[in-house]
Amino acid sequence: MAHTNTILQQLLKIVPRHEFEALANKHHSGRAFRSTSRWTQFVTMMMAQLAGRNSLRDIVENIAAQSHRLYHLGSAKISRSSLSRINNDKSYQLYEDLFSTLLKRCQSMAPGHKFRFKHSLYSLDASTIDLCLSAFPWADFRSTKGAIKLHIGLNHSGYLPEFMTITEGTTSDITAGRMFKFPKGSIVAIDKGYNDYEWYKQLTDKGIFFVTRLKKNAKYRVIARRKVNKGCGLTSDQTIEFTGTQTAKKCPSALRRIGYTDAVSGKHYIFLTNNFKLSAKTIADIYKARWDVELFFKWIKQNLKIKSFVGTSKNAVLTQIWIAMCAYLLLCLIKFQSKIKKSMQQILRLLQLNLFEKRDLMALLRGEPPHGMQQAKNQIALL
């Protein structure tokens, strides 16, 4: 029978070891390691993410139970003190760069979004991760509460977090949103939390389209009207320009105002965009698709370990989050490669149950029985 590696080993093969070591050398500082390495840290913390381990003791004992398989992973056992020290002291930027490396591979394999237009579509949003201020005093947010904020620009092609940054909890959404350099011709769906008329002008000047909701107190005048299909829930399609003293200076260009009533909830929305080519219904559907970034935040918080942390320093927290996001990209890669219809959660559950099993990864995802079980079935059939 042919030799088969463990599921975890097959997953880690997606990360080229020579590229990882190059990044590790780039971000190494301080004294050389004696009995551990950044690769051992990565293997241990990645196992913790995929297996759902919650504490340092839990992580270390679980990896120690599989010590006979660590040699084939290029890893080794690690003590709680060593893992804690390396998480606290060694730069998280290694895993931020590794995330970028894996993202490029995902982008080359990702399927397109569900819309007919060819523009890249992004949804921009942020989510707060609560922290205990007494345990994380560096994460000052409110008088009795600590937090950090995760900002994501989600590409709807493959639902990849193509733009990502982690800031202090007090950082405003628009401050982080301005940092993302969306490609020319792309469409960005944003909510009212990113309302900034000067930024709207900057996006327009760069050839980037946006879809957002118009504030109720916005002052404007209508300079053109277009017919709408009221059977689709549309109520208006207008070209407007702002008349407010400061607003007109910040955003002097004409924009498009679209009214839409949702057939299910009956709620009426007013959308604002600088795209005059797409149909009004498509604009409404683009904003509705923005909900996917909310689902993304919900998924990673429920399925990855980014709400409870095994270290209290800022570096340890950021290390755990970036490794969690690398785990998400690994799941995306095997989903794209296998082309199966299973959800990301179903894939993760399969991996959790079979992480150290010696089975073919793609056969596991396709639902094929283990080799020995299939051989036994064949023998029974012959009898």
# chains A, B, ... in the order shown; residues from 1 in each chain; ligands from 1
>>> residues_around(residues="Phe180 (chain A)", least_positions_apart="6", cutoff="9 Å", atoms="only C-alpha atoms", output="list in words")
Gly153, Phe163, Met164 and Thr165 of chain A
>>> select_by_dssp(residues="region 120-350 of chain A", states="helix (DSSP H, G or I)", output="count of residues only")
81
>>> closest_residue(among="A:Ala32, A:Leu351, A:Met45, A:Leu160", to="Asn62 (chain A)", atoms="only C-alpha atoms")
A:Met45
>>> residues_around(residues="Leu56 (chain A)", least_positions_apart="3", cutoff="8 Å", atoms="only C-alpha atoms", output="list of chain:residue names")
A:Ile59, A:Val60, A:Arg80, A:Leu83, A:Ser84, A:Val310
>>> residues_around(residues="Leu133 (chain A)", least_positions_apart="6", cutoff="7 Å", atoms="only C-alpha atoms", output="PyMOL selection string")
chain A and resi 139-140+144-146
>>> residues_around(residues="Ala254 (chain A)", least_positions_apart="3", cutoff="8 Å", atoms="only C-alpha atoms", output="list of chain:residue names")
A:Thr239, A:Ile240, A:Glu241, A:Phe242, A:Asn274
>>> residues_around(residues="Thr261 (chain A)", least_positions_apart="6", cutoff="8 Å", atoms="only C-alpha atoms", output="tab-separated table (two decimals) with all heavy atoms, in the first residue's frame")
chain	number	residue	atom	x	y	z
A	233	GLY	N	-38.74	47.12	-7.43
A	233	GLY	CA	-38.56	47.76	-6.14
A	233	GLY	C	-37.91	49.12	-6.22
A	233	GLY	O	-37.74	49.79	-5.19
A	234	LEU	N	-37.53	49.56	-7.43
A	234	LEU	CA	-36.87	50.85	-7.59
A	234	LEU	C	-37.89	51.99	-7.49
A	234	LEU	O	-39.01	51.88	-8.01
A	234	LEU	CB	-36.15	50.92	-8.93
A	234	LEU	CG	-35.02	49.89	-9.12
A	234	LEU	CD1	-34.57	49.87	-10.57
A	234	LEU	CD2	-33.85	50.20	-8.20
A	235	THR	N	-37.52	53.06	-6.83
A	235	THR	CA	-38.42	54.20	-6.68
A	235	THR	C	-37.87	55.46	-7.34
A	235	THR	O	-38.64	56.36	-7.67
A	235	THR	CB	-38.68	54.49	-5.19
A	235	THR	OG1	-37.43	54.76	-4.53
A	235	THR	CG2	-39.36	53.30	-4.52
A	267	LYS	N	-38.39	47.77	3.75
A	267	LYS	CA	-37.60	48.94	4.13
A	267	LYS	C	-37.12	49.69	2.90
A	267	LYS	O	-36.77	49.08	1.88
A	267	LYS	CB	-36.41	48.50	4.97
A	267	LYS	CG	-35.64	49.65	5.59
A	267	LYS	CD	-34.55	49.15	6.54
A	267	LYS	CE	-33.80	50.30	7.16
A	267	LYS	NZ	-32.73	49.84	8.10
A	268	HIS	N	-37.13	51.02	2.98
A	268	HIS	CA	-36.72	51.85	1.85
A	268	HIS	C	-35.28	52.33	2.05
A	268	HIS	O	-34.91	52.80	3.13
A	268	HIS	CB	-37.66	53.05	1.70
A	268	HIS	CG	-37.41	53.82	0.44
A	268	HIS	ND1	-36.79	55.06	0.44
A	268	HIS	CD2	-37.68	53.53	-0.86
A	268	HIS	CE1	-36.70	55.50	-0.81
A	268	HIS	NE2	-37.23	54.59	-1.61
A	269	TYR	N	-34.47	52.21	1.00
A	269	TYR	CA	-33.07	52.59	1.05
A	269	TYR	C	-32.79	53.67	0.01
A	269	TYR	O	-33.39	53.67	-1.07
A	269	TYR	CB	-32.15	51.39	0.77
A	269	TYR	CG	-32.27	50.26	1.77
A	269	TYR	CD1	-33.18	49.21	1.57
A	269	TYR	CD2	-31.47	50.23	2.91
A	269	TYR	CE1	-33.28	48.17	2.48
A	269	TYR	CE2	-31.57	49.19	3.82
A	269	TYR	CZ	-32.47	48.17	3.60
A	269	TYR	OH	-32.58	47.14	4.51
>>> atom_distance(atom1="CA of Ser236 (chain A)", atom2="CA of Gly259 (chain A)")
4.7 Å
>>> residues_around(residues="region 134-137 of chain A", least_positions_apart="4", cutoff="10 Å", atoms="only C-alpha atoms", output="PyMOL selection string")
chain A and resi 141+144-147+311-314+317
>>> write_last_selection(atoms="N, CA and C atoms", output="PDB file, in the first residue's frame")
ATOM      1  N   PHE A 141      -9.564  51.042  25.026  1.00  0.00           N
ATOM      2  CA  PHE A 141     -10.696  51.335  24.144  1.00  0.00           C
ATOM      3  C   PHE A 141     -11.693  52.254  24.839  1.00  0.00           C
ATOM      4  N   THR A 144     -13.513  51.012  30.857  1.00  0.00           N
ATOM      5  CA  THR A 144     -13.482  49.684  31.489  1.00  0.00           C
ATOM      6  C   THR A 144     -13.379  48.558  30.463  1.00  0.00           C
ATOM      7  N   LYS A 145     -13.008  48.887  29.240  1.00  0.00           N
ATOM      8  CA  LYS A 145     -13.051  47.887  28.178  1.00  0.00           C
ATOM      9  C   LYS A 145     -11.871  48.061  27.230  1.00  0.00           C
ATOM     10  N   GLY A 146     -11.287  46.949  26.834  1.00  0.00           N
ATOM     11  CA  GLY A 146     -10.225  46.959  25.841  1.00  0.00           C
ATOM     12  C   GLY A 146     -10.719  46.353  24.540  1.00  0.00           C
ATOM     13  N   ALA A 147     -10.064  46.687  23.430  1.00  0.00           N
ATOM     14  CA  ALA A 147     -10.491  46.142  22.140  1.00  0.00           C
ATOM     15  C   ALA A 147      -9.445  46.447  21.080  1.00  0.00           C
ATOM     16  N   GLY A 311      -1.929  34.460  24.648  1.00  0.00           N
ATOM     17  CA  GLY A 311      -0.927  35.396  25.128  1.00  0.00           C
ATOM     18  C   GLY A 311      -1.575  36.745  25.346  1.00  0.00           C
ATOM     19  N   THR A 312      -0.975  37.568  26.190  1.00  0.00           N
ATOM     20  CA  THR A 312      -1.589  38.855  26.508  1.00  0.00           C
ATOM     21  C   THR A 312      -0.852  40.048  25.907  1.00  0.00           C
ATOM     22  N   SER A 313       0.329  39.846  25.349  1.00  0.00           N
ATOM     23  CA  SER A 313       1.047  40.960  24.736  1.00  0.00           C
ATOM     24  C   SER A 313       0.436  41.280  23.374  1.00  0.00           C
ATOM     25  N   LYS A 314       0.681  42.475  22.900  1.00  0.00           N
ATOM     26  CA  LYS A 314       0.169  42.878  21.586  1.00  0.00           C
ATOM     27  C   LYS A 314       0.716  41.987  20.495  1.00  0.00           C
ATOM     28  N   VAL A 317      -1.068  38.573  20.475  1.00  0.00           N
ATOM     29  CA  VAL A 317      -2.430  38.672  19.937  1.00  0.00           C
ATOM     30  C   VAL A 317      -2.399  38.788  18.412  1.00  0.00           C
TER      31      VAL A 317
END
>>> closest_residue(among="A:Leu131, A:Ala24, A:Met109, A:Met344", to="Ser37 (chain A)", atoms="only C-alpha atoms")
A:Ala24
>>> select_by_dssp(residues="region 41-289 of chain A", states="strand (DSSP E or B)", output="ChimeraX atom specification")
/A:121-131,140-142,145-155,160-168,187-189,209-213,220-225,234-242,255-261,268-273
>>> atom_distance(atom1="CA of Pro16 (chain A)", atom2="CA of Phe99 (chain A)")
12.6 Å
>>> closest_residue(among="A:His151, A:Lys114, A:Lys288, A:Lys184", to="Ser172 (chain A)", atoms="only C-alpha atoms")
A:His151
